[in-house]
Structure formats: C-alpha cells, structure tokens
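Data first, discussion second: the structure below is written as structure tokens.
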Amino acid sequence: MIKLVAFDWNGTIFSDTLACCEGVNKVLNSLKLKPITVTFFREHFDVPLTNTYMRFGISKTQLKNQGAEIVKTFHTYYEKRADKIRTRAYANYLISWLTKNNIRSIIFSNHIDEPIRTQRKRL
C-alpha cells in the first residue's frame with residue numbers, strides 16, 4: 001500500500017527549467033558574467049544552490065557580499081515568468097489519481113513556499 005508520494009516541484013511538477021536558466025542569466029548579466037545555455041544549466045545544476053552559482057562563474061565572495069541582490073535579481077525575473085508556466089505532462093492526472101485513491105502527496109522544493117502555493121492554486 002502506498003502511503004505517501006513526494007514530488008520535487010521545480011522541473012518535475014512545474015515545467016520551469018527554462019525560466020530558472022533565464023533567471024540565472026539575469027543574475028550573471030548583473031555581475032558581468034557570461035550567460036549559460038539551458039543545456040549547461042541542466043548539466044551543472046546542483047544542491048545547494050551556492051554550488052550551482054559557483055559552477056556558473058560566481059565566486060564565494062560575490063555570493064557572500066551580494067547574496068541578497070542575487071536572490072532579488074533572480075526572483076524578480078522568475079516570479080513574473082512563473083505565472084505563464086505549465087505543469088509537466090500528466091502531472092495533474094497523476095495528482096488527481098492519487099487524490100481519488102486516497103494517497104497523500106507532498107511537494108518539496110528549494111523554492112519559496114508562498115509562490116508554490118500560488119502556482120498550485122492557479123494550476
């Protein structure tokens with residue numbers, strides 16, 4: 001018997017890989033760094049995000065000294081874009097099936113809780 005299904009949000013339920021890459025490019029541009037492709041983004045994304053940003057050319061010093069501005073730059077772009085993003089194919093079907101079969105599900109994410117709730121309501 002399945003008691004619980006856990007989903008990652010970004011890139012799994014929510015089809016936001018391109019928006020994340022574009023948001024990162026806004027950050028890189030603000031720091032006068034070379035933009036990346038979505039393929040490079042997919043190949044080098046890591047957790048924690050500090051590792052990802054360092055792989056994209058941002059130094060530890062920049063992350064420490066400009067972290068708040070980096071976060072603001074990313075989210076300012078990303079949240080506007082998120083309002084037009086769809087779920088992955090069959091995600092809604094799967095979640096509906098789980099609900100009909102009384103199987104609980106949760107979403108985990110590195111993203112901010114409230115915007116995820118907003119997008120869940122929209123979708």
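Numbering starts fresh at 1 for the residues of each chain in the structure tokens, the chains themselves are lettered A, B, ... in the order given, and ligands are numbered from 1 as they appear.
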Per-residue DSSP, chain A, filtered to helix (DSSP H, G or I), as number ranges by chain: A: 17-30, 38-44, 49-55, 60-82, 91-100, 113-122
So that I can check the surroundings of region 42-57 of chain A, please list as a ChimeraX atom specification every protein, DNA and RNA residue that reaches within 8 Å of it, counting only C-alpha atoms and ignoring chain neighbours fewer than 5 positions away. /A:17,33,36,63
Restricted to N, CA and C atoms, what would the selected residues look like written as a PDB file, in the first residue's frame?
```pdb
ATOM      1  N   THR A  17      12.314  24.860 -15.996  1.00  0.00           N
ATOM      2  CA  THR A  17      13.756  24.823 -16.224  1.00  0.00           C
ATOM      3  C   THR A  17      14.225  26.029 -17.027  1.00  0.00           C
ATOM      4  N   LEU A  33      28.965  38.571 -16.026  1.00  0.00           N
ATOM      5  CA  LEU A  33      29.458  37.232 -16.332  1.00  0.00           C
ATOM      6  C   LEU A  33      28.766  36.694 -17.573  1.00  0.00           C
ATOM      7  N   ILE A  36      24.664  31.428 -19.723  1.00  0.00           N
ATOM      8  CA  ILE A  36      24.747  29.986 -19.932  1.00  0.00           C
ATOM      9  C   ILE A  36      23.570  29.521 -20.787  1.00  0.00           C
ATOM     10  N   LEU A  63      28.942  35.690  -3.719  1.00  0.00           N
ATOM     11  CA  LEU A  63      27.755  35.117  -3.077  1.00  0.00           C
ATOM     12  C   LEU A  63      27.585  35.655  -1.668  1.00  0.00           C
TER      13      LEU A  63
END
```
I'd like the interatomic distance between CA of Gly67 (chain A) and CA of Lys32 (chain A), to a tenth of an Å.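 Computing the Euclidean distance for CA of Gly67 (chain A) and CA of Lys32 (chain A) yields 15.3 Å.
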Could you make a table, as a Markdown table, of the residues of region 8-58 of chain A that have an atom within 8 Å of an atom of region 95-111 of chain A, each with its nearest atom pair and distance in Å to one decimal, counting only C-alpha atoms, in chain and number order?
```
| residue | atom | partner | partner_atom | distance |
| --- | --- | --- | --- | --- |
| A:Asp8 | CA | A:Phe108 | CA | 5.1 |
| A:Trp9 | CA | A:Ser109 | CA | 5.5 |
| A:Asn10 | CA | A:Ser109 | CA | 6.8 |
```
Kindly give the distance, in Å, that separates CA of Leu18 (chain A) and CA of Val38 (chain A), rounded to a single decimal.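 Separation between CA of Leu18 (chain A) and CA of Val38 (chain A): 6.4 Å.
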Between A:Gln62, A:Thr12, A:Asn25, A:Thr87, single out the one closest to His75 (chain A), counting only C-alpha atoms. A:Asn25
Nearest-residue call for Gln119 (chain A), choices A:Ser15, A:Thr39, A:Asn65, A:Ser30, using only C-alpha atoms: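 Checking each of A:Ser15, A:Thr39, A:Asn65, A:Ser30 against Gln119 (chain A), counting only C-alpha atoms, the winner is A:Ser15.
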Among chain A, which residues does DSSP mark as strand (DSSP E) when it is run on the backbone? Keep the chain and numbering as in the structure and answer as a PyMOL selection string. chain A and resi 4-8+104-108
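Our summary of the geometry notes that CA of Arg120 (chain A) is positioned 17.0 Å from CA of Ala19 (chain A).
Closest approach to Asp16 (chain A) among A:Arg117, A:Lys34, A:Arg122, A:Arg88: A:Arg88, based on only C-alpha atoms.
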Using only C-alpha atoms, which residue out of A:Asp83, A:Ile58, A:Ile70, A:Tyr90 lies closest to Lys121 (chain A)?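 Smallest separation from Lys121 (chain A) among the options: A:Asp83.
Counting only C-alpha atoms, the residue from A:Thr61, A:Cys20, A:Glu114, A:Val71 that sits nearest to Ile85 (chain A) is A:Cys20.
Of the residues under consideration (A:Ala89, A:Phe41, A:Leu28, A:Ala82), A:Ala82 shows the shortest atom-to-atom contact distance to Pro115 (chain A) when counting only C-alpha atoms.
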